[in-house]
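structure_11.txt (compact mmCIF, C-alpha atoms) appears below.
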# COMPACT_ATOMS: atom_id res chain seq x y z
CA MET B 21 18.86 -29.31 189.08
CA LYS B 22 22.26 -30.82 188.46
CA THR B 23 21.18 -32.52 185.25
CA LEU B 24 19.75 -29.33 183.79
CA LEU B 25 22.99 -27.47 184.54
CA LEU B 26 24.93 -30.17 182.73
CA GLN B 27 22.44 -30.05 179.87
CA ASN B 28 23.10 -26.31 179.55
CA LYS B 29 26.87 -26.88 179.48
CA ILE B 30 26.45 -29.51 176.78
CA LEU B 31 24.28 -27.21 174.68
CA SER B 32 26.73 -24.33 175.06
CA PHE B 33 29.52 -26.66 173.92
CA ALA B 34 27.55 -28.00 170.94
CA ARG B 35 26.47 -24.53 169.84
CA ARG B 36 29.72 -22.66 170.46
CA ASP B 37 30.94 -20.19 167.87
CA GLY B 38 32.08 -21.78 164.66
CA VAL B 39 30.12 -25.01 165.04
CA SER B 40 27.87 -25.60 162.07
CA GLU B 41 26.40 -28.95 163.10
CA PRO B 42 25.59 -29.18 166.82
CA SER B 43 24.25 -32.70 166.34
CA SER B 44 27.65 -34.05 165.32
CA GLU B 45 29.24 -32.34 168.34
CA LEU B 46 26.68 -34.10 170.53
CA SER B 47 27.52 -37.47 168.94
CA LYS B 48 31.24 -36.89 169.51
CA LEU B 49 30.55 -35.94 173.10
CA ALA B 50 28.46 -39.05 173.74
CA GLU B 51 31.25 -41.17 172.27
CA THR B 52 33.95 -39.45 174.31
CA THR B 53 32.11 -39.93 177.60
CA GLY B 54 31.94 -43.65 176.85
CA ILE B 55 28.25 -43.92 177.56
CA SER B 56 26.21 -46.43 175.64
CA LEU B 57 22.86 -44.94 174.79
CA PRO B 58 20.04 -47.16 173.48
CA THR B 59 19.26 -46.91 169.76
CA GLY B 60 17.64 -43.65 168.73
CA GLN B 61 18.76 -41.74 171.82
CA LEU B 62 20.81 -39.35 169.70
CA ASP B 63 17.83 -38.44 167.52
CA GLY B 64 15.62 -35.45 168.17
CA PRO B 65 16.05 -31.82 169.20
CA ALA B 66 19.49 -30.83 170.52
CA GLU B 67 17.95 -29.98 173.91
CA LEU B 68 16.58 -33.49 174.32
CA VAL B 69 19.77 -35.21 173.16
CA ALA B 70 21.82 -33.03 175.52
CA LEU B 71 19.48 -33.96 178.35
CA LYS B 72 19.89 -37.67 177.65
CA ILE B 73 23.67 -37.35 177.54
CA ALA B 74 23.62 -35.40 180.82
CA LEU B 75 21.46 -38.05 182.47
CA ALA B 76 23.61 -40.92 181.23
CA ALA B 77 27.07 -39.44 181.70
CA GLY B 78 26.61 -37.21 184.74
CA GLU B 79 29.69 -35.21 185.68
CA LYS B 80 31.92 -37.18 183.29
CA VAL B 81 30.51 -34.88 180.67
CA GLU B 82 32.51 -31.90 181.93
CA GLU B 83 35.84 -33.66 181.42
CA ALA B 84 34.73 -34.79 177.98
CA ILE B 85 33.77 -31.26 176.99
CA ASP B 86 37.19 -29.94 178.08
CA LEU B 87 38.94 -32.70 176.18
CA LEU B 88 36.95 -32.20 172.98
CA ALA B 89 37.25 -28.44 173.08
CA ARG B 90 41.05 -28.85 173.23
CA GLN B 91 41.23 -31.61 170.59
CA HIS B 92 38.74 -30.23 168.09
CA PRO B 93 38.60 -26.47 168.24
CA PRO B 94 35.88 -25.24 165.89
CA GLN B 95 37.05 -24.08 162.50
CA GLY B 96 36.36 -20.68 161.11
CA MET O 11 0.01 -57.55 166.18
CA ASN O 12 2.69 -57.75 168.86
CA THR O 13 2.46 -54.27 170.31
CA VAL O 14 0.37 -52.91 173.16
CA GLU O 15 -0.73 -49.48 174.26
CA LEU O 16 -0.07 -47.98 177.67
CA VAL O 17 -2.42 -45.86 179.75
CA LEU O 18 -0.70 -43.89 182.50
CA GLY O 19 -3.38 -42.58 184.82
CA ALA O 20 -3.72 -39.53 187.05
CA GLY O 21 -2.39 -39.40 190.59
CA GLY O 22 0.16 -36.61 191.14
CA VAL O 23 3.18 -37.65 193.17
CA LYS O 24 2.14 -41.30 192.85
CA GLY O 25 3.52 -41.13 189.28
CA TYR O 26 6.60 -42.93 190.64
CA PHE O 27 4.56 -46.13 190.36
CA HIS O 28 4.25 -45.48 186.59
CA ILE O 29 8.02 -45.14 186.28
CA GLY O 30 8.48 -48.48 188.07
CA LEU O 31 5.95 -50.05 185.72
CA LEU O 32 7.87 -48.67 182.71
CA LYS O 33 10.99 -50.38 184.06
CA ALA O 34 9.08 -53.68 184.06
CA VAL O 35 7.83 -52.99 180.52
CA GLU O 36 11.43 -52.45 179.37
CA GLU O 37 12.76 -55.56 181.09
CA LEU O 38 9.99 -57.73 179.70
CA GLU O 39 10.68 -56.26 176.23
CA ILE O 40 7.04 -55.33 175.74
CA GLU O 41 6.71 -53.24 172.60
CA VAL O 42 4.61 -50.14 173.20
CA SER O 43 2.93 -48.50 170.20
CA MET O 44 1.15 -45.62 171.92
CA VAL O 45 0.97 -44.05 175.36
CA THR O 46 -2.11 -42.29 176.72
CA GLY O 47 -1.44 -40.00 179.64
CA VAL O 48 -3.57 -38.10 182.10
CA SER O 49 -2.19 -35.53 184.52
CA VAL O 50 1.10 -36.88 185.93
CA GLY O 51 0.67 -39.76 183.49
CA SER O 52 0.82 -37.30 180.59
CA ILE O 53 4.17 -35.95 181.80
CA ILE O 54 5.70 -39.41 182.03
CA ALA O 55 4.10 -40.34 178.68
CA ALA O 56 5.67 -37.27 177.06
CA PHE O 57 9.13 -38.16 178.40
CA TYR O 58 8.78 -41.83 177.43
CA THR O 59 7.51 -41.22 173.89
CA ASN O 60 10.34 -38.74 173.39
CA GLY O 61 12.71 -41.65 173.82
CA MET O 62 13.64 -41.40 177.47
CA THR O 63 14.16 -44.58 179.47
CA SER O 64 12.58 -45.30 182.85
CA ASP O 65 15.95 -44.76 184.53
CA GLN O 66 16.31 -41.35 182.92
CA ILE O 67 12.76 -40.35 183.86
CA LEU O 68 13.27 -41.50 187.45
CA LYS O 69 16.44 -39.44 187.77
CA LEU O 70 14.68 -36.32 186.46
CA PHE O 71 11.71 -36.84 188.77
CA LEU O 72 13.93 -37.30 191.83
CA GLU O 73 15.93 -34.18 191.03
CA ALA O 74 12.71 -32.20 190.52
CA HIS O 75 11.29 -33.63 193.75
CA GLU O 76 14.25 -32.29 195.74
CA LYS O 77 13.48 -28.82 194.39
CA SER O 78 9.71 -29.01 194.76
CA GLY O 79 9.70 -26.87 197.92
CA ASN O 80 11.55 -24.05 196.19
CA PRO O 81 9.37 -20.92 196.45
CA LEU O 82 10.83 -19.62 193.15
CA LEU O 83 9.11 -22.49 191.34
CA LEU O 84 5.79 -21.50 192.88
CA ALA O 85 6.39 -17.83 192.06
CA ASN O 86 6.78 -18.75 188.39
CA ALA O 87 3.27 -20.23 188.46
CA VAL O 88 1.48 -17.27 190.08
CA VAL O 89 -0.79 -15.34 187.69
CA MET O 90 -3.70 -12.93 187.87
CA PRO O 91 -6.54 -14.96 186.37
CA ASP O 92 -9.48 -13.75 184.32
CA TRP O 93 -12.85 -14.13 186.03
CA ALA O 94 -13.99 -17.29 184.18
CA SER O 95 -10.69 -19.07 184.85
CA PHE O 96 -10.81 -18.14 188.52
CA MET O 97 -14.37 -19.44 188.87
CA VAL O 98 -13.28 -22.80 187.44
CA GLY O 99 -9.83 -23.09 189.02
CA ARG O 100 -10.32 -21.18 192.32
CA SER O 101 -6.59 -20.55 192.36
CA PHE O 102 -3.86 -18.10 191.41
CA LEU O 103 -1.51 -20.80 190.18
CA SER O 104 -1.16 -21.76 186.54
CA LEU O 105 0.94 -24.60 185.17
CA GLU O 106 1.08 -23.03 181.73
CA ARG O 107 4.19 -20.85 181.95
CA PRO O 108 6.30 -23.45 183.81
CA TRP O 109 5.33 -26.14 181.30
CA GLN O 110 5.88 -23.99 178.22
CA GLU O 111 9.37 -23.24 179.54
CA SER O 112 10.10 -26.84 180.50
CA VAL O 113 8.97 -28.30 177.19
CA LYS O 114 11.27 -25.88 175.35
CA LYS O 115 14.18 -26.40 177.72
CA LEU O 116 13.92 -30.20 177.66
CA GLY O 117 13.34 -30.41 173.89
CA LEU O 118 10.12 -32.40 174.23
CA THR O 119 7.90 -32.56 171.16
CA PRO O 120 4.41 -33.88 170.41
CA ASN O 121 4.66 -37.16 168.52
CA GLN O 122 2.63 -39.94 166.95
CA ARG O 123 3.04 -42.25 169.97
CA LEU O 124 1.64 -39.78 172.49
CA ARG O 125 -2.00 -39.13 173.43
CA ILE O 126 -2.80 -36.59 176.16
CA VAL O 127 -6.24 -36.38 177.73
CA ALA O 128 -7.65 -33.19 179.25
CA CYS O 129 -11.24 -32.30 180.09
CA ASP O 130 -13.58 -29.49 179.00
CA ALA O 131 -14.53 -27.75 182.26
CA ARG O 132 -18.03 -26.87 181.04
CA THR O 133 -19.18 -30.15 179.44
CA HIS O 134 -16.80 -32.58 181.17
CA HIS O 135 -16.18 -34.12 177.74
CA PRO O 136 -12.65 -35.31 176.96
CA VAL O 137 -10.28 -33.23 174.86
CA VAL O 138 -7.64 -35.50 173.36
CA PHE O 139 -4.33 -34.20 171.99
CA THR O 140 -2.73 -36.49 169.39
CA GLY O 141 -0.43 -36.16 166.40
CA GLU O 142 2.35 -33.62 166.02
CA ASP O 143 0.51 -30.36 165.55
CA TYR O 144 -0.40 -29.00 168.97
CA ASN O 145 1.26 -27.09 171.77
CA LEU O 146 2.70 -29.71 174.09
CA GLY O 147 3.22 -27.23 176.94
CA SER O 148 -0.46 -26.28 176.87
CA ALA O 149 -1.60 -29.91 176.62
CA LEU O 150 0.53 -30.97 179.61
CA SER O 151 -0.67 -27.96 181.61
CA ALA O 152 -4.30 -28.68 180.79
CA SER O 153 -4.05 -32.38 181.56
CA GLY O 154 -2.72 -31.66 185.06
CA SER O 155 -4.74 -28.58 186.02
CA LEU O 156 -6.78 -29.93 188.90
CA PRO O 157 -9.46 -27.36 189.86
CA GLY O 158 -8.93 -26.05 193.35
CA VAL O 159 -5.17 -26.21 192.89
CA PHE O 160 -4.46 -24.86 189.40
CA LEU O 161 -6.20 -22.59 186.92
CA PRO O 162 -7.67 -24.09 183.74
CA VAL O 163 -6.03 -23.62 180.34
CA HIS O 164 -7.68 -21.62 177.54
CA HIS O 165 -8.12 -23.73 174.40
CA GLY O 166 -10.23 -22.04 171.73
CA ASP O 167 -13.59 -21.42 173.37
CA MET O 168 -12.96 -24.01 176.03
CA LEU O 169 -11.38 -23.98 179.45
CA LEU O 170 -9.49 -27.21 179.97
CA ILE O 171 -8.96 -28.90 183.31
CA ASP O 172 -7.27 -32.07 184.56
CA GLY O 173 -8.14 -35.04 182.35
CA ALA O 174 -8.89 -36.99 185.54
CA ALA O 175 -12.12 -35.01 185.82
CA TYR O 176 -13.24 -36.91 182.73
CA HIS O 177 -11.56 -40.21 183.60
CA ARG O 178 -8.53 -41.11 185.70
CA ASN O 179 -7.44 -43.96 183.41
CA PRO O 180 -9.14 -43.45 180.02
CA ASP O 181 -8.62 -46.67 178.09
CA GLU O 182 -11.46 -46.03 175.63
CA PHE O 183 -9.17 -44.28 173.11
CA CYS O 184 -6.84 -47.28 172.77
CA LYS O 185 -7.02 -49.20 169.52
CA GLU O 186 -5.00 -52.16 170.76
CA VAL O 187 -4.85 -54.08 174.03
CA ALA O 188 -3.64 -51.67 176.69
CA ILE O 189 -1.69 -51.95 179.91
CA ILE O 190 -3.43 -49.60 182.34
CA SER O 191 -1.31 -48.23 185.17
CA ALA O 192 -3.85 -47.02 187.75
CA LEU O 193 -2.76 -45.07 190.81
CA GLY O 194 -5.85 -45.29 193.01
CA PHE O 195 -7.06 -43.00 195.78
CA ALA O 196 -5.90 -42.46 199.33
CA ASN O 197 -8.28 -44.08 201.80
CA LYS O 198 -5.98 -44.35 204.82
CA TRP O 199 -4.07 -41.75 206.77
CA PRO O 200 -0.40 -41.44 205.75
CA LYS O 201 2.43 -43.22 207.55
CA GLU O 202 4.52 -40.07 207.83
CA LEU O 203 3.98 -36.59 209.18
CA LEU O 204 2.94 -34.29 206.34
CA ASP O 205 2.97 -30.52 206.05
CA PRO O 206 -0.46 -28.92 206.72
CA MET O 207 -1.23 -28.34 203.03
CA SER O 208 -0.45 -31.95 202.06
CA LEU O 209 -2.46 -33.15 205.06
CA TYR O 210 -5.43 -31.07 203.89
CA TYR O 211 -5.25 -32.49 200.38
CA HIS O 212 -4.85 -35.99 201.82
CA TRP O 213 -8.03 -35.54 203.83
CA ARG O 214 -9.80 -34.15 200.72
CA GLU O 215 -8.70 -37.13 198.59
CA MET O 216 -9.96 -39.55 201.26
CA SER O 217 -13.27 -37.89 201.98
CA MET O 218 -14.18 -35.23 199.43
CA PRO O 219 -12.11 -35.24 196.19
CA LEU O 220 -11.65 -31.84 194.55
CA VAL O 221 -13.46 -33.14 191.43
CA PRO O 222 -15.17 -36.49 190.77
CA GLN O 223 -12.74 -38.81 188.97
CA PRO O 224 -14.24 -41.88 187.25
CA THR O 225 -11.98 -44.95 187.23
CA LYS O 226 -13.84 -47.83 185.54
CA VAL O 227 -11.77 -49.59 182.86
CA ASP O 228 -12.19 -52.57 180.53
CA THR O 229 -10.37 -55.33 182.39
CA VAL O 230 -11.53 -58.03 180.00
CA ARG O 231 -9.75 -56.56 177.02
CA ASN O 232 -6.94 -54.78 178.81
CA VAL O 233 -4.37 -55.52 181.51
CA LEU O 234 -4.92 -53.52 184.68
CA VAL O 235 -1.98 -52.80 186.96
CA ASP O 236 -3.68 -51.35 190.02
CA HIS O 237 -1.03 -49.92 192.31
CA ARG O 238 -3.46 -49.32 195.18
CA ALA O 239 -1.48 -46.57 196.83
CA ASP O 240 -4.07 -46.14 199.54
CA ASP O 241 -2.02 -44.18 202.08
CA ILE O 242 -0.54 -41.63 199.68
CA CYS O 243 -2.35 -38.58 198.36
CA GLY O 244 -1.57 -37.35 194.86
CA LEU O 245 -0.85 -33.85 196.14
CA SER O 246 1.61 -34.88 198.91
CA PHE O 247 4.59 -33.31 197.20
CA SER O 248 6.51 -33.08 200.47
CA LEU O 249 6.97 -36.85 200.75
CA PRO O 250 10.53 -37.93 201.54
CA VAL O 251 12.59 -39.30 198.63
CA LYS O 252 12.63 -42.69 200.40
CA ARG O 253 8.85 -42.93 199.93
CA CYS O 254 9.17 -41.96 196.27
CA MET O 255 11.67 -44.79 195.78
CA GLU O 256 9.31 -47.19 197.58
CA MET O 257 6.59 -46.25 195.11
CA TYR O 258 8.98 -46.81 192.21
CA ASP O 259 10.08 -50.21 193.59
CA ASN O 260 6.50 -51.32 194.26
CA GLY O 261 5.41 -50.14 190.82
CA TYR O 262 8.19 -52.22 189.31
CA LYS O 263 7.55 -55.36 191.37
CA HIS O 264 3.77 -55.32 191.05
CA GLY O 265 3.98 -54.33 187.38
CA PHE O 266 6.48 -57.10 186.67
CA ALA O 267 4.24 -59.71 188.32
CA VAL O 268 1.03 -58.61 186.56
CA LEU O 269 2.69 -58.24 183.16
CA SER O 270 4.52 -61.57 183.46
CA LYS O 271 1.19 -63.27 184.07
CA ALA O 272 -0.39 -61.45 181.12
CA ILE O 273 2.47 -62.66 178.91
CA ALA O 274 2.12 -66.22 180.24
CA ASP O 275 -1.64 -66.08 179.57
CA GLY O 276 -0.97 -64.91 176.00
CA LYS O 277 -2.83 -61.63 176.53
CA ILE O 278 0.18 -59.53 175.58
CA HIS O 279 3.51 -60.23 173.91
CA GLY O 280 6.81 -59.94 175.70
CA LYS O 281 9.82 -61.81 176.95
CA ALA O 282 9.04 -64.83 179.12
CA PRO O 283 10.27 -63.75 182.55
CA MET O 284 13.00 -65.57 184.43
CA THR O 285 11.86 -67.11 187.72
CA ASN O 286 12.82 -65.66 191.12
CA GLN O 287 12.40 -62.06 190.00

What do you get writing this file as C-alpha cells?
Amino acid sequence: MKTLLLQNKILSFARRDGVSEPSSELSKLAETTGISLPTGQLDGPAELVALKIALAAGEKVEEAIDLLARQHPPQG
Amino acid sequence: MNTVELVLGAGGVKGYFHIGLLKAVEELEIEVSMVTGVSVGSIIAAFYTNGMTSDQILKLFLEAHEKSGNPLLLANAVVMPDWASFMVGRSFLSLERPWQESVKKLGLTPNQRLRIVACDARTHHPVVFTGEDYNLGSALSASGSLPGVFLPVHHGDMLLIDGAAYHRNPDEFCKEVAIISALGFANKWPKELLDPMSLYYHWREMSMPLVPQPTKVDTVRNVLVDHRADDICGLSFSLPVKRCMEMYDNGYKHGFAVLSKAIADGKIHGKAPMTNQ
C-alpha cells in the first residue's frame, strides 16, 4: 500500500539517529507539506500521526522530508 | 446533551456504506460521543475513534481493497488450529496475527470512545470491549471472526466469534440516542460476475447464513440508517472499486437524508442542512 510505504518513510525520518523528540519532527513535517489537519490530528502514537500525514499529504511528503533533512540535520 | 452515539453494524465489504455515513455525520457537524462497532463496523469505529476522518478511512479501505487478492495476505492468516477452535471456526484462517500487526503498524489504540462487540461461541452472549485496557488486535479479530470463514479468538476460557452472531447492530449498550448504520443482507443475485468463492458466500447469505444474525433495533429511541444493500454479500471482497465507491456514495446520500430529517425533527443535534444536497 502506497500510504503505508509513505508512513514508513515518515517514521524513519522522525526517528532517525540523533532525534530526541519524534513528535516535533512530525509537526515540522506536517507544517512543511502545507497540509491542514483537523484539530487533534497530531496527537497520539507516532505511527498514527505518521499515517495521517501520509494520507493527507501523499507524495508531497517525500519532498518535505528531503527538504527538512537538509535544513535541520539532527544534532548530536 | 448534544451528543449522540454511533452503532456501525456488521456486513463485511459493505462497510463502505458506514464510511459514507461518517462523511454525512462530519458535514452535519453531529457530535459523536461513542462508537459501537461489530465486525467491519468495529474496524471503522477503531479508525474513527482514533481521530481519522471519513476521507482518510476511505483512502485506506480503497488501498487495502486493491491488495485484497494478494495471496501473501492470506498466507499470513493461515494457522494450524487447536481442535476446539477448528470445531467452532471450521477454517484454517485466523484474523489474529494480521490484526495484531496492523494495530501496531497503524498506531491504533483502545480508547474511551470505542466499544467493540464480539460473541461467546458457546453461550452466544455478547462480550463487549470498552475502556483502554484490552488488546485491540484481539478485539478486532474476535469481532470479525465469522465461523465458517475464520477461526475464533481465545479470550480467557471463552472462544470469541463475530459479534454479528449475537447481534448485527447492537444498540442496547448505548447510553444516549444512537445513529445505527445497518448494512442489511443480500437477497438478490449480484449485478456483476463474481469469483466462485464470493458467489458461494453470496448464495449462503441469501439462503442459509453462516450463523444466525439478529437485527432488531430500537427505532423509537434511535435513528436507523438502513442501507439495504440487497444485491451485495458481505464476503464479496472481489467487487470492483467502482462498486465500493457506489456504496460509499449511497451511504453518504442516504445517511445525509436520514440524519437531516432527524435533525429537523429534533431527535438529534447537528447543523441544519442546506437545501439541494

*Distance CA of Phe57 (chain O)-CA of Ile30 (chain B), one decimal place?*
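Atom-to-atom, CA of Phe57 (chain O) and CA of Ile30 (chain B) are spaced 19.4 Å apart.
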
*Find the residues in chain O near chain B: any atom within 8 Å counts, using all atoms listed in the file. Write them as a PyMOL selection string.*
chain O and resi 61-62+66+69-70+73-74+77+114-118

*asked:* With distances taken over all atoms listed in the file, which residue among O:Asp205, O:Asp241, O:Glu182, O:Glu215 lies nearest Val17 (chain O)?
replied: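 Counting all atoms listed in the file, the residue closest to Val17 (chain O) is O:Glu182.
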
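What separates CA of Pro224 (chain O) from CA of Pro180 (chain O) is a distance of 9.0 Å.
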
*Hey, can you pull every residue with an atom no more than 12 Å from (4.7, -52.3, 173.0), using only C-alpha atoms, and send it as number ranges by chain?*
O: 11-17, 32, 34-45, 59, 123, 186-189, 269, 278-281

*Expressed in Å to a single decimal, how great is the separation between CA of Ala55 (chain O) and CA of Met168 (chain O)?*
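Computed distance, CA of Ala55 (chain O) to CA of Met168 (chain O), equals 23.8 Å.
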